[in-house]
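This is coords_28.txt. It holds compact mmCIF, C-alpha atoms.
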# COMPACT_ATOMS: atom_id res chain seq x y z
CA MET A 868 98.47 53.87 163.90
CA ILE A 869 99.91 51.50 161.27
CA ARG A 870 97.49 48.85 162.44
CA MET A 871 94.59 51.23 161.88
CA ARG A 872 95.77 51.99 158.35
CA VAL A 873 96.08 48.32 157.43
CA PHE A 874 92.59 47.75 158.79
CA LEU A 875 91.24 50.53 156.55
CA TRP A 876 92.90 49.05 153.47
CA VAL A 877 91.40 45.67 154.31
CA LEU A 878 87.98 47.35 154.38
CA VAL A 879 88.63 48.93 150.97
CA ALA A 880 89.75 45.58 149.58
CA LEU A 881 86.60 43.93 150.91
CA ALA A 882 84.40 46.58 149.30
CA VAL A 883 86.23 46.23 145.96
CA ALA A 884 85.87 42.44 146.12
CA LEU A 885 82.14 42.80 146.80
CA PHE A 886 81.62 45.13 143.82
CA ALA A 887 83.73 42.85 141.61
CA LEU A 888 81.40 39.99 142.60
CA PHE A 889 78.35 42.13 141.72
CA ALA A 890 79.87 43.10 138.35
CA TYR A 891 80.68 39.47 137.54
CA GLN A 892 77.24 38.16 138.49
CA LEU A 893 75.46 40.96 136.60
CA SER A 894 77.43 40.16 133.44
CA GLN A 895 76.44 36.47 133.55
CA PRO A 896 73.43 35.46 131.41
CA LYS A 897 70.32 34.78 133.47
CA ASN A 898 69.27 31.17 133.72
CA GLU A 899 65.57 31.18 132.88
CA PHE A 900 65.16 27.44 133.28
CA VAL A 901 63.23 26.14 136.24
CA GLN A 902 64.56 22.68 137.02
CA SER A 903 61.99 20.16 138.21
CA ALA A 904 62.52 19.03 141.80
CA MET A 905 60.85 15.71 140.96
CA ILE A 906 63.93 13.93 139.60
CA GLY A 907 64.15 10.65 141.52
CA GLU A 908 60.47 10.83 142.49
CA PRO A 909 57.63 8.73 141.11
CA VAL A 910 55.24 10.37 138.62
CA PRO A 911 52.17 11.34 140.71
CA PRO A 912 49.02 9.35 139.89
CA PHE A 913 47.02 10.70 136.96
CA ASP A 914 44.75 9.47 134.18
CA LEU A 915 44.33 11.64 131.09
CA PRO A 916 41.92 11.07 128.21
CA ALA A 917 43.15 10.59 124.66
CA SER A 918 43.88 13.70 122.65
CA VAL A 919 43.64 12.25 119.13
CA PRO A 920 41.56 9.28 117.93
CA ASP A 921 44.50 7.18 116.68
CA ARG A 922 46.45 7.21 119.97
CA PRO A 923 45.23 6.04 123.40
CA GLY A 924 45.28 8.33 126.43
CA LEU A 925 47.98 8.35 129.10
CA SER A 926 48.00 7.47 132.77
CA SER A 927 50.64 7.10 135.46
CA ALA A 928 50.06 3.33 135.31
CA HIS A 929 51.28 3.31 131.69
CA LEU A 930 54.44 5.04 132.84
CA ALA A 931 55.13 2.25 135.35
CA ASP A 932 54.58 -0.68 132.96
CA GLY A 933 58.19 -1.89 133.16
CA ARG A 934 59.51 -0.12 130.06
CA PRO A 935 61.45 3.15 130.38
CA LYS A 936 59.95 5.96 128.34
CA LEU A 937 60.41 9.48 127.15
CA LEU A 938 57.60 11.75 128.33
CA ASN A 939 57.42 14.71 125.96
CA VAL A 940 55.56 17.85 127.06
CA PHE A 941 54.36 19.57 123.88
CA ALA A 942 51.66 21.70 122.28
CA SER A 943 50.68 22.69 118.77
CA TRP A 944 50.96 26.38 119.76
CA CYS A 945 54.58 25.98 120.86
CA PRO A 946 57.01 26.94 118.06
CA PRO A 947 60.09 25.14 119.48
CA CYS A 948 58.00 21.95 119.55
CA ARG A 949 58.10 22.05 115.74
CA VAL A 950 61.87 22.44 115.84
CA GLU A 951 62.36 19.26 117.87
CA ALA A 952 60.00 17.09 115.75
CA PRO A 953 62.79 15.57 113.58
CA GLN A 954 64.81 14.72 116.70
CA LEU A 955 61.80 13.00 118.33
CA GLU A 956 61.38 10.99 115.14
CA GLN A 957 65.04 10.02 115.25
CA LEU A 958 64.68 8.97 118.91
CA GLU A 959 61.66 6.84 118.04
CA ARG A 960 63.55 5.19 115.19
CA SER A 961 66.37 4.44 117.64
CA GLY A 962 63.91 2.45 119.74
CA ALA A 963 62.71 5.02 122.27
CA ASN A 964 59.12 4.64 123.47
CA ILE A 965 57.79 8.21 123.50
CA VAL A 966 54.56 9.29 125.15
CA GLY A 967 53.15 12.79 124.82
CA LEU A 968 51.52 15.27 127.15
CA ALA A 969 49.48 17.73 125.03
CA ILE A 970 49.32 20.96 127.04
CA ARG A 971 46.28 23.27 126.69
CA ASP A 972 45.65 22.07 123.18
CA ARG A 973 42.41 21.55 121.26
CA PRO A 974 42.34 18.00 119.82
CA GLU A 975 41.88 19.33 116.28
CA ASP A 976 44.99 21.53 116.68
CA THR A 977 47.00 18.61 118.09
CA ALA A 978 45.88 16.43 115.18
CA ALA A 979 46.88 19.10 112.63
CA PHE A 980 50.24 19.55 114.36
CA LEU A 981 50.94 15.79 114.29
CA ALA A 982 49.86 15.57 110.63
CA ALA A 983 52.28 18.36 109.72
CA TYR A 984 55.31 17.47 111.86
CA GLY A 985 54.97 13.72 112.44
CA ASN A 986 53.64 11.58 115.28
CA PRO A 987 56.36 9.76 117.24
CA PHE A 988 54.05 9.10 120.22
CA SER A 989 52.69 5.72 121.35
CA ARG A 990 50.20 7.48 123.65
CA ILE A 991 49.06 11.08 124.07
CA GLY A 992 47.33 12.43 127.17
CA ARG A 993 45.24 15.56 126.95
CA ASP A 994 46.27 17.99 129.73
CA ASP A 995 43.82 20.88 129.26
CA ILE A 996 44.61 22.77 132.47
CA SER A 997 48.32 21.82 132.78
CA GLU A 998 47.48 19.71 135.81
CA VAL A 999 49.86 16.84 135.09
CA GLN A 1000 52.48 19.26 133.81
CA LEU A 1001 52.42 21.09 137.15
CA SER A 1002 52.43 17.82 139.10
CA ILE A 1003 55.76 16.74 137.55
CA GLY A 1004 57.44 20.12 137.96
CA SER A 1005 57.45 21.11 134.31
CA SER A 1006 57.08 24.82 133.63
CA ALA A 1007 57.14 25.15 129.86
CA ALA A 1008 56.83 23.34 126.54
CA PRO A 1009 58.77 21.61 125.20
CA GLU A 1010 60.29 19.57 127.96
CA THR A 1011 61.23 15.90 127.87
CA PHE A 1012 61.42 13.60 130.88
CA VAL A 1013 63.06 10.18 131.10
CA VAL A 1014 60.81 7.92 133.19
CA ASP A 1015 62.06 4.46 134.17
CA GLY A 1016 60.03 1.23 134.11
CA ARG A 1017 58.81 1.78 137.67
CA GLY A 1018 57.43 5.21 136.81
CA ILE A 1019 60.23 7.16 138.50
CA ILE A 1020 61.41 10.38 136.87
CA ARG A 1021 65.11 10.02 136.11
CA TYR A 1022 66.04 12.99 133.93
CA GLN A 1023 64.61 16.25 132.62
CA HIS A 1024 65.54 17.96 129.38
CA ILE A 1025 64.33 21.59 129.20
CA GLY A 1026 63.71 23.27 125.86
CA GLU A 1027 63.71 21.80 122.36
CA ILE A 1028 65.72 18.67 121.65
CA ARG A 1029 68.49 19.65 119.25
CA PRO A 1030 70.46 17.00 117.29
CA GLU A 1031 73.28 17.00 119.86
CA HIS A 1032 70.81 16.09 122.62
CA VAL A 1033 69.63 12.86 120.96
CA PRO A 1034 72.59 10.72 122.15
CA VAL A 1035 72.27 12.21 125.65
CA LEU A 1036 68.60 11.21 125.88
CA LEU A 1037 69.33 7.72 124.48
CA ALA A 1038 72.07 7.29 127.08
CA GLU A 1039 69.72 8.41 129.86
CA LEU A 1040 67.10 5.95 128.60
CA ARG A 1041 69.67 3.12 128.64
CA GLU A 1042 70.66 4.10 132.15
CA ALA A 1043 66.99 3.96 133.13
CA GLY A 1044 66.98 0.33 131.98
CA ALA A 1045 65.94 0.39 128.32
CA MET B 251 54.56 49.80 97.79
CA LYS B 252 54.00 50.72 101.42
CA LEU B 253 52.09 47.51 102.04
CA GLY B 254 55.18 45.55 101.06
CA LEU B 255 56.99 47.16 103.98
CA VAL B 256 54.17 47.03 106.48
CA LEU B 257 52.99 43.49 105.86
CA PRO B 258 56.18 41.64 106.96
CA LEU B 259 56.26 43.86 110.03
CA LEU B 260 52.67 42.96 110.87
CA VAL B 261 53.38 39.28 110.39
CA ALA B 262 56.42 39.58 112.68
CA LEU B 263 54.32 41.32 115.31
CA ALA B 264 51.59 38.70 115.03
CA ALA B 265 54.03 35.80 115.61
CA PRO B 266 53.85 35.92 119.42
CA ALA B 267 50.05 35.84 119.17
CA ILE B 268 50.26 32.53 117.31
CA ALA B 269 52.19 31.00 120.22
CA GLN B 270 49.03 31.13 122.33
CA ASP B 271 46.70 28.29 123.12
CA GLN B 272 43.04 28.28 122.07
CA LEU B 273 41.56 26.68 125.18
CA PRO B 274 39.48 28.57 127.75
CA PRO B 275 41.12 29.27 131.13
CA ALA B 276 40.85 26.68 133.91
CA PRO B 277 37.62 26.99 135.99
CA TYR B 278 39.27 28.66 138.99
CA ALA B 279 41.78 30.77 137.02
CA TYR B 280 39.59 33.89 137.05
CA ARG B 281 36.74 32.81 139.33
CA GLN B 282 36.85 33.36 143.06
CA ILE B 283 36.01 30.75 145.66
CA ALA B 284 32.41 31.28 146.84
CA ASP B 285 33.47 31.49 150.52
CA PRO B 286 35.16 34.91 151.01
CA ALA B 287 37.31 33.65 153.90
CA LEU B 288 38.75 30.85 151.77
CA GLU B 289 39.21 33.22 148.82
CA ALA B 290 41.17 35.61 151.07
CA LYS B 291 43.43 32.73 152.11
CA ALA B 292 43.94 31.71 148.47
CA GLN B 293 44.60 35.31 147.39
CA ALA B 294 47.23 35.82 150.10
CA LEU B 295 48.96 32.61 149.03
CA MET B 296 48.82 33.41 145.30
CA GLU B 297 50.54 36.73 145.89
CA THR B 298 53.55 34.87 147.28
CA LEU B 299 53.87 32.26 144.52
CA ARG B 300 56.03 32.85 141.47
CA CYS B 301 54.60 32.60 137.99
CA LEU B 302 56.89 30.11 136.25
CA LYS B 303 56.26 31.61 132.83
CA CYS B 304 56.77 35.30 133.61
CA GLN B 305 59.26 34.87 136.35
CA SER B 306 59.15 38.20 138.12
CA GLN B 307 55.40 38.23 138.68
CA SER B 308 53.26 36.42 141.19
CA ILE B 309 50.57 34.10 139.91
CA ALA B 310 48.01 36.58 141.28
CA ASP B 311 49.41 39.28 138.95
CA SER B 312 50.02 37.29 135.81
CA ASP B 313 47.72 36.64 132.87
CA ALA B 314 49.91 33.85 131.48
CA PRO B 315 47.86 30.68 130.88
CA LEU B 316 50.18 28.69 133.16
CA ALA B 317 49.62 31.23 135.96
CA GLY B 318 45.86 30.72 135.49
CA ASP B 319 46.33 26.96 135.74
CA MET B 320 48.40 27.46 138.90
CA ARG B 321 45.66 29.67 140.40
CA HIS B 322 43.21 26.89 139.60
CA GLN B 323 45.37 24.44 141.57
CA VAL B 324 45.64 26.84 144.52
CA ARG B 325 41.92 27.73 144.64
CA SER B 326 40.62 24.21 144.11
CA ARG B 327 42.95 22.82 146.78
CA ILE B 328 42.04 25.51 149.28
CA ALA B 329 38.33 25.15 148.47
CA ALA B 330 38.78 21.42 149.22
CA GLY B 331 40.05 22.31 152.69
CA GLU B 332 43.83 22.25 152.29
CA GLU B 333 45.87 24.71 154.33
CA PRO B 334 47.74 27.40 152.31
CA GLU B 335 51.13 26.24 153.58
CA ALA B 336 50.35 22.69 152.45
CA VAL B 337 49.60 23.99 148.95
CA ARG B 338 52.86 25.98 149.00
CA ALA B 339 54.73 22.85 150.11
CA TRP B 340 53.12 20.90 147.23
CA LEU B 341 54.52 23.41 144.73
CA VAL B 342 57.93 23.66 146.42
CA GLU B 343 58.15 19.86 146.24
CA ARG B 344 57.83 20.19 142.46
CA TYR B 345 59.73 23.37 141.63
CA GLY B 346 62.00 23.97 144.60
CA ASP B 347 62.14 27.11 146.79
CA TYR B 348 62.23 29.19 143.61
CA VAL B 349 58.45 29.00 143.21
CA SER B 350 57.83 30.66 146.58
CA TYR B 351 58.43 34.35 147.30
CA LYS B 352 58.10 33.83 151.04
CA PRO B 353 61.56 34.12 152.62
CA ALA B 354 62.49 30.86 154.28
CA MET B 355 65.49 30.02 156.42
CA SER B 356 67.37 27.05 155.01
CA ALA B 357 70.89 25.62 154.75
CA SER B 358 71.70 28.09 151.95
CA THR B 359 69.84 31.18 153.17
CA TRP B 360 70.71 31.35 156.90
CA PRO B 361 73.65 33.76 156.37
CA LEU B 362 71.17 36.33 155.01
CA PHE B 363 69.46 36.30 158.37
CA ALA B 364 72.62 35.89 160.48
CA ILE B 365 74.88 38.53 158.88
CA PRO B 366 72.77 41.58 159.87
CA LEU B 367 72.68 40.33 163.48
CA VAL B 368 76.47 39.82 163.50
CA LEU B 369 77.00 43.30 162.04
CA LEU B 370 74.70 44.89 164.61
CA ALA B 371 76.56 43.14 167.43
CA LEU B 372 79.86 44.35 165.97
CA VAL B 373 78.61 47.95 165.79
CA ALA B 374 77.42 47.77 169.41
CA LEU B 375 80.81 46.45 170.50
CA ILE B 376 82.77 49.15 168.66
CA LEU B 377 80.49 51.91 169.93
CA ARG B 378 80.83 50.73 173.50
CA ARG B 379 84.61 50.68 173.28
CA ARG B 380 84.70 54.14 171.66
CA LEU B 381 82.36 55.65 174.22
CA ALA B 382 84.32 54.09 177.07
CA ARG B 383 87.51 55.59 175.66
CA ALA B 384 85.92 59.03 175.16
CA LYS B 385 85.04 59.24 178.86
As structure tokens:
Amino acid sequence: MIRMRVFLWVLVALAVALFALFAYQLSQPKNEFVQSAMIGEPVPPFDLPASVPDRPGLSSAHLADGRPKLLNVFASWCPPCRVEAPQLEQLERSGANIVGLAIRDRPEDTAAFLAAYGNPFSRIGRDDISEVQLSIGSSAAPETFVVDGRGIIRYQHIGEIRPEHVPVLLAELREAGA
Amino acid sequence: MKLGLVLPLLVALAAPAIAQDQLPPAPYAYRQIADPALEAKAQALMETLRCLKCQSQSIADSDAPLAGDMRHQVRSRIAAGEEPEAVRAWLVERYGDYVSYKPAMSASTWPLFAIPLVLLALVALILRRRLARAK
């Protein structure tokens, strides 16, 4: 009889533990970020035309030219992309080679955006149907990838680059061989 | 007087509309594949792929531009002769299992499939012992 009673209390304890787990998980903020599964993988082959006249287009060959780079996924219609503009400028001044992927953006809008917020890019590829964005596992703008000299994706930063992220990205670039 | 109140509100409401691109949708975003059999294959697949922008919808249900671009990938690949599961694998390779709604058994999900079986076996065992004792 005692054994039966202990068994019942164990059941109650299990149920309480389960509900405590539910309560804890429900109170945690939801992680909306979708991490790319392409870290450690080479950038798939692509060749995008130029988006603005004063910068050449972008291809996967440029990303494997021996120099590590930051690949910034941006668009003129993306408000947080404006927020990170000063940080991109700071990264460029610190020696980072930044290339841009302009997502679903009319060239005239991209040009106006760059005129207003600065142009830290050495090349900008025009990705009108998000094809290259999808091929590297990026799901939103802005996102910033560290690509090493062999064209292998080494790191992904999701969301706008805030001032505290600048040293992190520079360190990741150094680690990638810059 | 009233305009002073309404105008900021209107501007605030219009803000999300500004965060919208001006380009037309990708060719296959809203156009079906000419071959109905292939379109049916694509449709079935799209209903089991997650829209990455509006994360609780499938790409078949979502009007987000990125969902349209994902439909374009699915339809153009299937129109080119790829098998639906190959297209799913292409996306899973990029976004992980999260992008697929199709339940898959893996190192982290096998307990979900195993636990109900274990519980059923346990119930059968207990019932058998009870019934044997009742006799």
d(atom CA of B:Trp360, atom CA of B:Lys291) in Å = 27.7 Å
Quote the spacing between atom CA of A:Val1013 and atom CA of A:Ile1025 in Å to one decimal place.
->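 Computed distance, atom CA of A:Val1013 to atom CA of A:Ile1025, equals 11.6 Å.
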A:Leu938 surroundings by all atoms listed in the file, 9 Å radius, close-in-sequence under 4 positions cut, as a PyMOL selection string = chain A and resi 930+964-968+1010-1014
Distance criterion (only C-alpha atoms): nearest to B:Met320 out of B:Pro353, B:Pro286, B:Pro366, B:Pro275 |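 Ranked by minimum distance to B:Met320, first place goes to B:Pro275.
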Against chain B, which residues of chain A fall within 10 Å? For each one I want the closest pair of atoms and the distance in Å (one decimal), counting all atoms listed in the file, rows by chain and increasing residue number, as a tab-separated table.
residue	atom	partner	partner_atom	distance
A:Glu899	CA	B:Gln305	CA	8.1
A:Phe900	CA	B:Leu302	CA	9.2
A:Val901	CA	B:Tyr345	CA	7.0
A:Gln902	CA	B:Tyr345	CA	6.7
A:Ser903	CA	B:Tyr345	CA	5.2
A:Ala904	CA	B:Arg344	CA	4.9
A:Met905	CA	B:Arg344	CA	5.6
A:Ile906	CA	B:Arg344	CA	9.2
A:Glu908	CA	B:Arg344	CA	9.7
A:Ala942	CA	B:Asp271	CA	8.3
A:Ser943	CA	B:Asp271	CA	8.1
A:Trp944	CA	B:Ala269	CA	4.8
A:Cys945	CA	B:Ala269	CA	5.6
A:Pro946	CA	B:Ala269	CA	6.7
A:Pro947	CA	B:Ala269	CA	9.9
A:Ile970	CA	B:Asp271	CA	8.7
A:Arg971	CA	B:Leu273	CA	6.0
A:Asp972	CA	B:Asp271	CA	6.3
A:Arg973	CA	B:Leu273	CA	6.5
A:Asp976	CA	B:Gln272	CA	8.9
A:Asp995	CA	B:Leu273	CA	7.4
A:Ile996	CA	B:Asp319	CA	5.6
A:Ser997	CA	B:Asp319	CA	6.3
A:Glu998	CA	B:Asp319	CA	7.3
A:Gln1000	CA	B:Leu316	CA	9.7
A:Leu1001	CA	B:Arg344	CA	7.6
A:Ser1002	CA	B:Arg344	CA	6.8
A:Ile1003	CA	B:Arg344	CA	6.3
A:Gly1004	CA	B:Arg344	CA	4.5
A:Ser1005	CA	B:Tyr345	CA	8.0
A:Ser1006	CA	B:Leu302	CA	5.9
A:Ala1007	CA	B:Lys303	CA	7.2
What is the distance, in Å and to one decimal place, between atom CA of B:Arg327 and atom CA of B:Thr298?
->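 Separating atom CA of B:Arg327 from atom CA of B:Thr298 is a distance of 16.1 Å.
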Distance query A:Ile1028 at most 9 Å, only C-alpha atoms, self and fewer than 3 positions along chain excluded, as a list in words |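 The contact residues come out as Pro947, Cys948, Val950, Glu951, Ala952, Gln954, Leu955, Pro1009, Glu1010, Thr1011, His1024, Ile1025, Glu1031, His1032 and Val1033 of chain A.
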Which neighbours of A:Phe913 fall inside 10 Å, counting all atoms listed in the file, when residues of the same chain fewer than 3 positions from it are skipped, and could you give them as a list in words?
->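 That gives Val910, Leu925, Ser926, Ser927, Ala928, Gly992, Glu998, Val999 and Ser1002 of chain A.
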Residue with smallest distance to A:Pro987 - pool A:Arg1041, A:Asp932, A:Val1035, A:Arg922, counting only C-alpha atoms |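 Of the candidates, the smallest distance to A:Pro987 is held by A:Arg922.
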Expected residue set, 12 Å radius at (45.3, 24.6, 147.1), all atoms listed in the file, as a ChimeraX atom specification = /B:278,283,288-289,291-296,299,319-341
Determine the nearest neighbour of A:Gly1026 from the options A:Ala1038, A:Ala890, A:Ala1008, A:Ile869, counting all atoms listed in the file.
->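 For A:Gly1026, the nearest of the given residues is A:Ala1008.
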